[in-house]
$ cat entry23.txt   # compact mmCIF, C-alpha atoms and all ligand atoms
# COMPACT_ATOMS: atom_id res chain seq x y z
CA MET A 1 188.76 102.09 171.33
CA THR A 2 186.70 105.04 170.14
CA VAL A 3 183.01 104.37 169.70
CA HIS A 4 182.12 105.57 166.22
CA ASP A 5 179.52 108.29 166.56
CA GLN A 6 180.59 110.59 163.75
CA PRO A 7 178.14 111.74 161.06
CA VAL A 8 178.43 109.89 157.75
CA ALA A 9 181.64 110.99 156.08
CA GLU A 10 182.33 111.28 152.37
CA THR A 11 184.12 108.25 150.88
CA PRO A 12 187.57 109.17 149.51
CA ASP A 13 187.86 109.40 145.71
CA PRO A 14 189.56 106.14 144.51
CA ARG A 15 191.20 108.10 141.66
CA GLU A 16 193.48 109.52 144.38
CA PHE A 17 194.69 105.94 144.94
CA GLY A 18 195.39 105.41 141.21
CA LEU A 19 192.27 103.30 140.62
CA SER A 20 190.15 103.60 137.47
CA VAL A 21 186.53 104.60 137.93
CA LEU A 22 183.50 104.09 135.67
CA PRO A 23 180.34 106.13 136.35
CA GLU A 24 177.29 103.84 136.66
CA HIS A 25 175.45 105.63 133.81
CA GLU A 26 178.21 104.55 131.37
CA ILE A 27 177.38 100.86 131.85
CA PRO A 28 175.15 99.88 128.89
CA SER A 29 171.70 98.64 129.89
CA GLU A 30 172.27 95.79 127.42
CA LEU A 31 175.19 94.64 129.62
CA THR A 32 173.18 94.64 132.87
CA ALA A 33 170.39 92.77 131.06
CA LEU A 34 172.94 90.23 129.76
CA VAL A 35 174.30 89.78 133.29
CA ALA A 36 170.78 88.95 134.54
CA ASP A 37 170.32 86.48 131.65
CA VAL A 38 173.66 84.78 132.46
CA ARG A 39 172.64 84.45 136.12
CA ALA A 40 169.50 82.67 134.94
CA LEU A 41 171.65 80.53 132.61
CA VAL A 42 173.97 79.47 135.47
CA ASP A 43 170.95 78.43 137.56
CA ALA A 44 169.48 76.56 134.59
CA VAL A 45 172.78 74.76 133.87
CA ALA A 46 173.24 73.81 137.53
CA HIS A 47 169.80 72.20 137.71
CA THR A 48 168.97 71.05 134.17
CA GLU A 49 167.85 67.55 133.36
CA ALA A 50 167.84 68.25 129.59
CA GLY A 51 168.96 65.49 127.25
CA PRO A 52 172.27 65.28 125.32
CA GLU A 53 170.91 66.88 122.13
CA ASP A 54 169.55 69.95 123.91
CA LEU A 55 172.72 70.20 125.99
CA ALA A 56 174.95 70.07 122.90
CA GLU A 57 172.85 72.74 121.17
CA ALA A 58 172.92 74.96 124.26
CA ARG A 59 176.68 74.54 124.51
CA ALA A 60 177.16 75.69 120.91
CA SER A 61 174.96 78.74 121.55
CA VAL A 62 176.93 79.65 124.68
CA ALA A 63 180.25 79.22 122.83
CA ALA A 64 179.00 81.53 120.06
CA ALA A 65 177.90 84.17 122.59
CA THR A 66 181.24 83.98 124.40
CA GLU A 67 183.09 84.42 121.11
CA ARG A 68 180.88 87.39 120.19
CA ILE A 69 181.67 89.46 123.31
CA SER A 70 185.27 88.43 124.00
CA GLY A 71 186.97 90.95 121.72
CA THR A 72 187.72 93.63 124.28
CA ARG A 73 187.99 93.32 128.07
CA ARG A 74 187.59 95.90 130.78
CA GLU A 75 190.50 96.42 133.15
CA THR A 76 190.44 94.14 136.23
CA GLY A 77 189.85 96.19 139.36
CA ALA A 78 187.85 99.01 137.77
CA LEU A 79 185.47 100.69 140.21
CA MET A 80 181.92 101.84 139.59
CA GLU A 81 180.83 105.26 140.83
CA GLN A 82 177.24 105.78 141.96
CA THR A 83 175.72 109.03 143.14
CA ARG A 84 173.75 108.80 146.37
CA PRO A 85 170.45 110.68 146.78
CA ASP A 86 172.33 113.33 148.80
CA GLY A 87 174.66 113.95 145.82
CA THR A 88 177.78 112.35 147.31
CA ALA A 89 179.66 109.60 145.49
CA GLU A 90 179.80 105.92 146.38
CA TYR A 91 182.26 103.37 144.94
CA GLY A 92 182.33 99.60 144.53
CA THR A 93 184.39 97.18 142.48
CA LEU A 94 182.58 96.63 139.19
CA THR A 95 183.18 92.87 139.14
CA ASN A 96 183.07 92.29 142.91
CA VAL A 97 181.94 88.65 143.35
CA VAL A 98 179.34 89.55 145.99
CA SER A 99 177.90 92.82 144.68
CA GLY A 100 179.47 93.63 141.31
CA VAL A 101 176.80 94.76 138.86
CA THR A 102 178.64 93.35 135.81
CA ASN A 103 179.57 90.04 137.46
CA PRO A 104 177.01 87.29 136.79
CA ALA A 105 178.63 85.25 139.61
CA SER A 106 177.44 87.86 142.14
CA PRO A 107 173.92 87.32 143.57
CA PRO A 108 174.15 90.50 143.67
CA LEU A 109 174.06 91.97 147.18
CA GLN A 110 172.70 95.53 146.96
CA LEU A 111 173.41 97.41 150.17
CA GLU A 112 171.66 100.63 151.08
CA ARG A 113 172.12 103.09 153.91
CA SER A 114 169.79 102.38 156.80
CA GLY A 115 169.84 103.66 160.37
CA ASP A 116 173.39 103.59 161.65
CA GLY A 117 174.79 101.43 158.83
CA LEU A 118 173.85 99.41 155.76
CA ARG A 119 171.02 97.01 154.97
CA ALA A 120 170.15 94.68 152.09
CA GLU A 121 167.48 92.16 151.23
CA ILE A 122 168.55 89.18 149.18
CA THR A 123 167.22 85.80 148.10
CA LEU A 124 169.81 83.21 147.10
CA ASN A 125 169.02 80.45 144.61
CA GLY A 126 170.47 76.94 144.31
CA VAL A 127 173.67 78.30 142.74
CA TYR A 128 174.75 79.27 146.29
CA GLN A 129 173.99 75.88 147.82
CA GLY A 130 176.06 74.19 150.50
CA PRO A 131 174.15 71.58 152.52
CA PRO A 132 170.89 70.43 150.82
CA GLY A 133 168.50 73.39 150.58
CA LEU A 134 170.80 75.69 152.53
CA VAL A 135 173.20 78.53 151.71
CA HIS A 136 176.91 77.62 151.65
CA GLY A 137 178.70 78.90 154.78
CA GLY A 138 181.50 80.38 152.71
CA TRP A 139 178.99 82.50 150.82
CA ILE A 140 177.42 83.65 154.07
CA ALA A 141 180.90 84.73 155.18
CA ALA A 142 181.45 86.48 151.84
CA ILE A 143 178.14 88.33 152.15
CA LEU A 144 178.97 89.42 155.69
CA ASP A 145 182.49 90.47 154.63
CA GLN A 146 181.03 92.63 151.87
CA ALA A 147 178.43 94.18 154.16
CA LEU A 148 180.98 94.85 156.92
CA GLY A 149 183.52 96.32 154.48
CA GLY A 150 180.75 98.32 152.85
CA ALA A 151 179.71 99.75 156.22
CA ALA A 152 183.26 100.95 156.86
CA SER A 153 183.43 102.41 153.36
CA ALA A 154 180.04 104.10 153.68
CA ALA A 155 181.28 105.72 156.89
CA GLY A 156 184.15 107.24 154.88
CA MET A 157 186.73 104.63 155.95
CA PRO A 158 187.25 102.13 153.09
CA GLY A 159 189.87 99.49 153.76
CA MET A 160 190.84 95.83 153.72
CA THR A 161 189.54 93.03 155.91
CA ALA A 162 192.29 92.05 158.35
CA ASN A 163 190.12 89.70 160.39
CA LEU A 164 186.63 88.23 159.98
CA ASP A 165 184.75 86.15 162.56
CA VAL A 166 181.49 84.46 161.64
CA ASN A 167 179.13 82.58 163.95
CA TYR A 168 176.50 80.44 162.26
CA ARG A 169 173.48 80.45 164.59
CA SER A 170 170.88 78.59 162.51
CA PRO A 171 170.68 77.20 158.95
CA THR A 172 170.26 79.88 156.24
CA PRO A 173 167.65 78.76 153.70
CA LEU A 174 167.88 79.07 149.90
CA HIS A 175 164.98 80.60 147.95
CA ALA A 176 163.91 82.67 150.97
CA PRO A 177 164.25 86.39 151.67
CA LEU A 178 167.22 87.24 153.88
CA GLU A 179 168.01 90.54 155.57
CA VAL A 180 171.65 91.63 155.85
CA THR A 181 172.68 94.45 158.20
CA ALA A 182 176.07 95.95 159.11
CA ARG A 183 177.50 98.93 160.95
CA VAL A 184 180.71 100.44 162.30
CA THR A 185 181.07 99.88 166.05
CA GLY A 186 184.37 101.64 166.73
CA THR A 187 187.64 102.99 165.42
CA GLU A 188 191.23 103.04 166.63
CA ARG A 189 193.89 104.67 164.47
CA ARG A 190 193.49 102.92 161.05
CA LYS A 191 191.45 100.10 162.57
CA VAL A 192 187.72 100.08 161.92
CA PHE A 193 185.60 97.63 163.92
CA VAL A 194 182.39 96.45 162.27
CA SER A 195 179.59 94.02 163.02
CA GLY A 196 176.66 92.61 161.07
CA GLU A 197 174.00 89.95 160.80
CA VAL A 198 172.09 87.77 158.34
CA ARG A 199 168.44 87.19 159.31
CA HIS A 200 165.62 85.03 158.00
CA ASN A 201 162.10 85.91 159.21
CA GLY A 202 163.71 88.10 161.89
CA THR A 203 165.85 85.27 163.29
CA VAL A 204 169.63 85.70 163.13
CA THR A 205 171.09 82.85 161.07
CA ALA A 206 174.65 84.22 161.09
CA GLU A 207 176.48 87.10 162.69
CA GLY A 208 179.93 88.47 162.02
CA THR A 209 182.47 90.93 163.32
CA ALA A 210 185.47 92.17 161.41
CA LEU A 211 188.51 94.38 161.67
CA MET A 212 188.94 96.56 158.60
CA VAL A 213 192.25 98.39 158.21
CA ARG A 214 191.70 101.68 156.41
CA PHE A 215 193.67 102.36 153.22
CA ASP A 216 196.74 104.43 154.05
CA ALA A 217 196.36 107.65 152.04
CA SER A 218 199.90 108.73 152.97
CA GLY A 219 201.18 106.05 150.57
C1 LIG A 301 189.97 104.54 148.32
C2 LIG A 301 188.62 104.21 147.83
C3 LIG A 301 188.37 102.79 147.53
C4 LIG A 301 186.93 102.51 147.41
C5 LIG A 301 186.65 101.08 147.45
C6 LIG A 301 185.25 100.89 147.76
C7 LIG A 301 184.97 99.50 148.15
C8 LIG A 301 183.82 99.52 149.11
C9 LIG A 301 183.32 98.19 149.45
C10 LIG A 301 184.35 97.44 150.18
C11 LIG A 301 183.82 96.12 150.52
C12 LIG A 301 184.89 95.13 150.43
C13 LIG A 301 184.57 93.92 151.22
C14 LIG A 301 185.49 92.85 150.93
C15 LIG A 301 186.87 93.11 151.57
C16 LIG A 301 187.76 92.23 151.21
O1 LIG A 301 187.63 91.04 150.76
S1 LIG A 301 189.49 92.58 151.43
C17 LIG A 301 190.36 91.12 150.90
C18 LIG A 301 190.78 90.25 152.05
N1 LIG A 301 191.77 90.94 152.85
C19 LIG A 301 193.06 91.00 152.46
O2 LIG A 301 193.47 90.50 151.44
C20 LIG A 301 193.96 91.77 153.38
C21 LIG A 301 195.39 91.20 153.40
N2 LIG A 301 196.15 91.87 154.45
C22 LIG A 301 196.74 93.06 154.19
O3 LIG A 301 196.78 93.54 153.08
C23 LIG A 301 197.37 93.77 155.36
O4 LIG A 301 197.68 92.83 156.37
C24 LIG A 301 196.42 94.85 155.97
C25 LIG A 301 195.10 94.24 156.46
C26 LIG A 301 196.10 95.91 154.89
C27 LIG A 301 197.09 95.53 157.14
O5 LIG A 301 198.40 95.87 156.76
P1 LIG A 301 198.99 97.34 156.95
O6 LIG A 301 198.26 98.31 156.11
O7 LIG A 301 200.46 97.25 156.77
O8 LIG A 301 198.60 97.68 158.45
P2 LIG A 301 199.41 97.39 159.77
O9 LIG A 301 200.25 98.59 160.06
O10 LIG A 301 200.07 96.04 159.76
O11 LIG A 301 198.22 97.28 160.83
C28 LIG A 301 197.41 98.40 161.17
C29 LIG A 301 196.75 98.06 162.49
O12 LIG A 301 195.90 96.92 162.30
C30 LIG A 301 196.31 95.84 163.17
N3 LIG A 301 196.15 94.57 162.42
C31 LIG A 301 196.55 94.29 161.17
N4 LIG A 301 196.19 93.04 160.83
C32 LIG A 301 195.54 92.53 161.91
C33 LIG A 301 194.92 91.28 162.16
N5 LIG A 301 194.86 90.31 161.24
N6 LIG A 301 194.35 91.10 163.36
C34 LIG A 301 194.37 92.08 164.31
N7 LIG A 301 194.93 93.30 164.12
C35 LIG A 301 195.52 93.50 162.92
C36 LIG A 301 197.76 96.13 163.48
O13 LIG A 301 198.15 95.52 164.71
C37 LIG A 301 197.75 97.66 163.56
O14 LIG A 301 197.17 98.02 164.79
P3 LIG A 301 197.65 99.28 165.67
O15 LIG A 301 199.14 99.25 165.69
O16 LIG A 301 197.12 100.51 165.01
O17 LIG A 301 197.03 99.03 167.01

$ encode --input "entry23.txt" --output "structure tokens" --more "lines below"
Ligand SMILES: CCCCCCCCCCCCCCCC(=O)SCCNC(=O)CCNC(=O)[C@H](O)C(C)(C)COP(=O)(O)OP(=O)(O)OC[C@H]1O[C@@H](n2cnc3c(N)ncnc32)[C@H](O)[C@@H]1OP(=O)(O)O
Amino acid sequence: MTVHDQPVAETPDPREFGLSVLPEHEIPSELTALVADVRALVDAVAHTEAGPEDLAEARASVAAATERISGTRRETGALMEQTRPDGTAEYGTLTNVVSGVTNPASPPLQLERSGDGLRAEITLNGVYQGPPGLVHGGWIAAILDQALGGAASAAGMPGMTANLDVNYRSPTPLHAPLEVTARVTGTERRKVFVSGEVRHNGTVTAEGTALMVRFDASG
């Protein structure tokens, strides 16, 4: 296995793989604001103790809003293009369930380059609950998968997760700041080895390793 010590490479242009790409600046600010409002709505619905009358009225309002915006739909699988501070392009799936900016189901996880990989800070609310007061283990795995895949992509080697191993070291609390880190640890042909952690107050609550298999540009 080759230890990955290359400088950060440019991510391949997804258009070369036949994928559609939307530049971030073309996403209306009204849409990102609506996404934030819907996240708040989901949390409110999950925890409300409102009475039947208020619930019925809220339901009618939600149905009207859904009707209002359902006329046209963006293509599933569209990617968003962001420009990094150094001028290079970065891509992510627009409706990715972990980090998609237009997906209200995403927390969202916003990864940034840091040191030898990626880093994010995130606080998860009760929508992501598993055991009482704690983050669902499946969501922890999803967050690690995204961070690990993102690290491979940020190193110029986007691909698919072939294998993901997660060890849960201590309970991950809701409503508390978490730090997520990930990096590439090695490469072998199309295989990209990655590792990452979730921390609360500096203590590792979960750690993961994954094998990403790079997209085959040869078709
Ligand atoms: C272009 C720009 C796009 C930009 C985009 C940006 C996105 C930037 C953010 C991304 C962040 C996403 C983070 C979420 C990532 C997901 O959630 S991905 C979704 C979950 N994963 C899947 O659905 C994958 C399903 N599996 C597959 O499609 C195929 O099995 C795979 C993984 C693509 C591999 O198939 P393949 O391409 O035919 O490769 P194959 O020749 O079989 O294997 C290649 C090598 O890997 C090894 N291998 C394959 N599978 C395994 C395994 N399970 N265990 C061990 N070794 C394995 C093989 O033995 C072989 O090794 P070597 O012979 O080289 O030693």

$ residues_near_ligand --input "entry23.txt" --ligand "ligand LIG 301 (chain A)" --cutoff "8 Å" --atoms "all atoms listed in the file" --output "PyMOL selection string"
chain A and resi 11-17+19+79+90-93+142+145-154+158-163+188-191+211-216

$ atom_distance --input "entry23.txt" --atom1 "atom CA of A:Arg199" --atom2 "atom CA of A:Gly156"
25.9 Å

$ atom_distance --input "entry23.txt" --atom1 "atom CA of A:Gly138" --atom2 "atom CA of A:Glu24"
28.7 Å

$ atom_distance --input "entry23.txt" --atom1 "atom CA of A:Gly126" --atom2 "atom CA of A:Thr76"
27.6 Å

$ residues_around --input "entry23.txt" --residues "stretch 170-187 of chain A" --least-positions-apart "2" --cutoff "7 Å" --atoms "only C-alpha atoms" --output "NGL selection string"
:A and (1-4 or 116-126 or 133-135 or 147-148 or 151-152 or 168 or 189 or 191-200 or 205-206)

$ write_last_selection --input "entry23.txt" --atoms "C-alpha atoms" --output "PDB file, in the coordinates of the input"
ATOM      1  CA  MET A   1     188.760 102.090 171.330  1.00  0.00           C
ATOM      2  CA  THR A   2     186.700 105.040 170.140  1.00  0.00           C
ATOM      3  CA  VAL A   3     183.010 104.370 169.700  1.00  0.00           C
ATOM      4  CA  HIS A   4     182.120 105.570 166.220  1.00  0.00           C
ATOM      5  CA  ASP A 116     173.390 103.590 161.650  1.00  0.00           C
ATOM      6  CA  GLY A 117     174.790 101.430 158.830  1.00  0.00           C
ATOM      7  CA  LEU A 118     173.850  99.410 155.760  1.00  0.00           C
ATOM      8  CA  ARG A 119     171.020  97.010 154.970  1.00  0.00           C
ATOM      9  CA  ALA A 120     170.150  94.680 152.090  1.00  0.00           C
ATOM     10  CA  GLU A 121     167.480  92.160 151.230  1.00  0.00           C
ATOM     11  CA  ILE A 122     168.550  89.180 149.180  1.00  0.00           C
ATOM     12  CA  THR A 123     167.220  85.800 148.100  1.00  0.00           C
ATOM     13  CA  LEU A 124     169.810  83.210 147.100  1.00  0.00           C
ATOM     14  CA  ASN A 125     169.020  80.450 144.610  1.00  0.00           C
ATOM     15  CA  GLY A 126     170.470  76.940 144.310  1.00  0.00           C
ATOM     16  CA  GLY A 133     168.500  73.390 150.580  1.00  0.00           C
ATOM     17  CA  LEU A 134     170.800  75.690 152.530  1.00  0.00           C
ATOM     18  CA  VAL A 135     173.200  78.530 151.710  1.00  0.00           C
ATOM     19  CA  ALA A 147     178.430  94.180 154.160  1.00  0.00           C
ATOM     20  CA  LEU A 148     180.980  94.850 156.920  1.00  0.00           C
ATOM     21  CA  ALA A 151     179.710  99.750 156.220  1.00  0.00           C
ATOM     22  CA  ALA A 152     183.260 100.950 156.860  1.00  0.00           C
ATOM     23  CA  TYR A 168     176.500  80.440 162.260  1.00  0.00           C
ATOM     24  CA  ARG A 189     193.890 104.670 164.470  1.00  0.00           C
ATOM     25  CA  LYS A 191     191.450 100.100 162.570  1.00  0.00           C
ATOM     26  CA  VAL A 192     187.720 100.080 161.920  1.00  0.00           C
ATOM     27  CA  PHE A 193     185.600  97.630 163.920  1.00  0.00           C
ATOM     28  CA  VAL A 194     182.390  96.450 162.270  1.00  0.00           C
ATOM     29  CA  SER A 195     179.590  94.020 163.020  1.00  0.00           C
ATOM     30  CA  GLY A 196     176.660  92.610 161.070  1.00  0.00           C
ATOM     31  CA  GLU A 197     174.000  89.950 160.800  1.00  0.00           C
ATOM     32  CA  VAL A 198     172.090  87.770 158.340  1.00  0.00           C
ATOM     33  CA  ARG A 199     168.440  87.190 159.310  1.00  0.00           C
ATOM     34  CA  HIS A 200     165.620  85.030 158.000  1.00  0.00           C
ATOM     35  CA  THR A 205     171.090  82.850 161.070  1.00  0.00           C
ATOM     36  CA  ALA A 206     174.650  84.220 161.090  1.00  0.00           C
TER      37      ALA A 206
END

$ residues_around --input "entry23.txt" --residues "A:Val166" --least-positions-apart "3" --cutoff "7 Å" --atoms "only C-alpha atoms" --output "PyMOL selection string"
chain A and resi 141+206-209

$ residues_around --input "entry23.txt" --residues "stretch 26-38 of chain A" --least-positions-apart "5" --cutoff "12 Å" --atoms "only C-alpha atoms" --output "ChimeraX atom specification"
/A:21,43-45,62,65-66,69,74,79-82,94-95,100-108

$ build_atoms --input "entry23.txt" --residues "stretch 167-193 of chain A" --atoms "N, CA and C atoms" --output "PDB file, in the coordinates of the input"
ATOM      1  N   ASN A 167     179.817  83.616 163.169  1.00  0.00           N
ATOM      2  CA  ASN A 167     179.130  82.580 163.950  1.00  0.00           C
ATOM      3  C   ASN A 167     177.842  82.221 163.225  1.00  0.00           C
ATOM      4  N   TYR A 168     177.691  80.933 162.940  1.00  0.00           N
ATOM      5  CA  TYR A 168     176.500  80.440 162.260  1.00  0.00           C
ATOM      6  C   TYR A 168     175.514  79.980 163.335  1.00  0.00           C
ATOM      7  N   ARG A 169     174.407  80.694 163.469  1.00  0.00           N
ATOM      8  CA  ARG A 169     173.480  80.450 164.590  1.00  0.00           C
ATOM      9  C   ARG A 169     172.361  79.472 164.233  1.00  0.00           C
ATOM     10  N   SER A 170     171.905  79.542 162.970  1.00  0.00           N
ATOM     11  CA  SER A 170     170.880  78.590 162.510  1.00  0.00           C
ATOM     12  C   SER A 170     171.003  78.485 160.996  1.00  0.00           C
ATOM     13  N   PRO A 171     170.506  77.386 160.394  1.00  0.00           N
ATOM     14  CA  PRO A 171     170.680  77.200 158.950  1.00  0.00           C
ATOM     15  C   PRO A 171     170.060  78.355 158.159  1.00  0.00           C
ATOM     16  N   THR A 172     170.750  78.776 157.092  1.00  0.00           N
ATOM     17  CA  THR A 172     170.260  79.880 156.240  1.00  0.00           C
ATOM     18  C   THR A 172     169.646  79.271 154.989  1.00  0.00           C
ATOM     19  N   PRO A 173     168.319  79.444 154.815  1.00  0.00           N
ATOM     20  CA  PRO A 173     167.650  78.760 153.700  1.00  0.00           C
ATOM     21  C   PRO A 173     167.900  79.404 152.338  1.00  0.00           C
ATOM     22  N   LEU A 174     167.916  78.586 151.288  1.00  0.00           N
ATOM     23  CA  LEU A 174     167.880  79.070 149.900  1.00  0.00           C
ATOM     24  C   LEU A 174     166.441  79.464 149.568  1.00  0.00           C
ATOM     25  N   HIS A 175     166.300  80.238 148.484  1.00  0.00           N
ATOM     26  CA  HIS A 175     164.980  80.600 147.950  1.00  0.00           C
ATOM     27  C   HIS A 175     164.086  81.280 148.996  1.00  0.00           C
ATOM     28  N   ALA A 176     164.689  81.993 149.933  1.00  0.00           N
ATOM     29  CA  ALA A 176     163.910  82.670 150.970  1.00  0.00           C
ATOM     30  C   ALA A 176     164.520  84.042 151.216  1.00  0.00           C
ATOM     31  N   PRO A 177     163.689  85.052 151.468  1.00  0.00           N
ATOM     32  CA  PRO A 177     164.250  86.390 151.670  1.00  0.00           C
ATOM     33  C   PRO A 177     165.104  86.462 152.931  1.00  0.00           C
ATOM     34  N   LEU A 178     166.295  87.048 152.769  1.00  0.00           N
ATOM     35  CA  LEU A 178     167.220  87.240 153.880  1.00  0.00           C
ATOM     36  C   LEU A 178     167.456  88.734 154.058  1.00  0.00           C
ATOM     37  N   GLU A 179     167.668  89.147 155.299  1.00  0.00           N
ATOM     38  CA  GLU A 179     168.010  90.540 155.570  1.00  0.00           C
ATOM     39  C   GLU A 179     169.460  90.586 156.059  1.00  0.00           C
ATOM     40  N   VAL A 180     170.247  91.481 155.475  1.00  0.00           N
ATOM     41  CA  VAL A 180     171.650  91.630 155.850  1.00  0.00           C
ATOM     42  C   VAL A 180     171.837  93.030 156.416  1.00  0.00           C
ATOM     43  N   THR A 181     172.452  93.127 157.591  1.00  0.00           N
ATOM     44  CA  THR A 181     172.680  94.450 158.200  1.00  0.00           C
ATOM     45  C   THR A 181     174.133  94.533 158.670  1.00  0.00           C
ATOM     46  N   ALA A 182     174.669  95.757 158.680  1.00  0.00           N
ATOM     47  CA  ALA A 182     176.070  95.950 159.110  1.00  0.00           C
ATOM     48  C   ALA A 182     176.276  97.389 159.540  1.00  0.00           C
ATOM     49  N   ARG A 183     177.214  97.586 160.448  1.00  0.00           N
ATOM     50  CA  ARG A 183     177.500  98.930 160.950  1.00  0.00           C
ATOM     51  C   ARG A 183     178.914  99.007 161.522  1.00  0.00           C
ATOM     52  N   VAL A 184     179.432 100.204 161.625  1.00  0.00           N
ATOM     53  CA  VAL A 184     180.710 100.440 162.300  1.00  0.00           C
ATOM     54  C   VAL A 184     180.438 100.527 163.794  1.00  0.00           C
ATOM     55  N   THR A 185     181.269  99.838 164.593  1.00  0.00           N
ATOM     56  CA  THR A 185     181.070  99.880 166.050  1.00  0.00           C
ATOM     57  C   THR A 185     182.174 100.650 166.773  1.00  0.00           C
ATOM     58  N   GLY A 186     183.300 100.891 166.085  1.00  0.00           N
ATOM     59  CA  GLY A 186     184.370 101.640 166.730  1.00  0.00           C
ATOM     60  C   GLY A 186     185.552 101.836 165.806  1.00  0.00           C
ATOM     61  N   THR A 187     186.424 102.742 166.210  1.00  0.00           N
ATOM     62  CA  THR A 187     187.640 102.990 165.420  1.00  0.00           C
ATOM     63  C   THR A 187     188.817 103.172 166.359  1.00  0.00           C
ATOM     64  N   GLU A 188     190.001 102.827 165.866  1.00  0.00           N
ATOM     65  CA  GLU A 188     191.230 103.040 166.630  1.00  0.00           C
ATOM     66  C   GLU A 188     192.359 103.188 165.605  1.00  0.00           C
ATOM     67  N   ARG A 189     192.916 104.370 165.520  1.00  0.00           N
ATOM     68  CA  ARG A 189     193.890 104.670 164.470  1.00  0.00           C
ATOM     69  C   ARG A 189     193.321 104.227 163.105  1.00  0.00           C
ATOM     70  N   ARG A 190     194.028 103.347 162.359  1.00  0.00           N
ATOM     71  CA  ARG A 190     193.490 102.920 161.050  1.00  0.00           C
ATOM     72  C   ARG A 190     192.529 101.736 161.182  1.00  0.00           C
ATOM     73  N   LYS A 191     192.306 101.283 162.383  1.00  0.00           N
ATOM     74  CA  LYS A 191     191.450 100.100 162.570  1.00  0.00           C
ATOM     75  C   LYS A 191     189.979 100.510 162.673  1.00  0.00           C
ATOM     76  N   VAL A 192     189.159  99.817 161.902  1.00  0.00           N
ATOM     77  CA  VAL A 192     187.720 100.080 161.920  1.00  0.00           C
ATOM     78  C   VAL A 192     187.035  98.778 162.317  1.00  0.00           C
ATOM     79  N   PHE A 193     186.285  98.822 163.411  1.00  0.00           N
ATOM     80  CA  PHE A 193     185.600  97.630 163.920  1.00  0.00           C
ATOM     81  C   PHE A 193     184.155  97.652 163.426  1.00  0.00           C
TER      82      PHE A 193
END
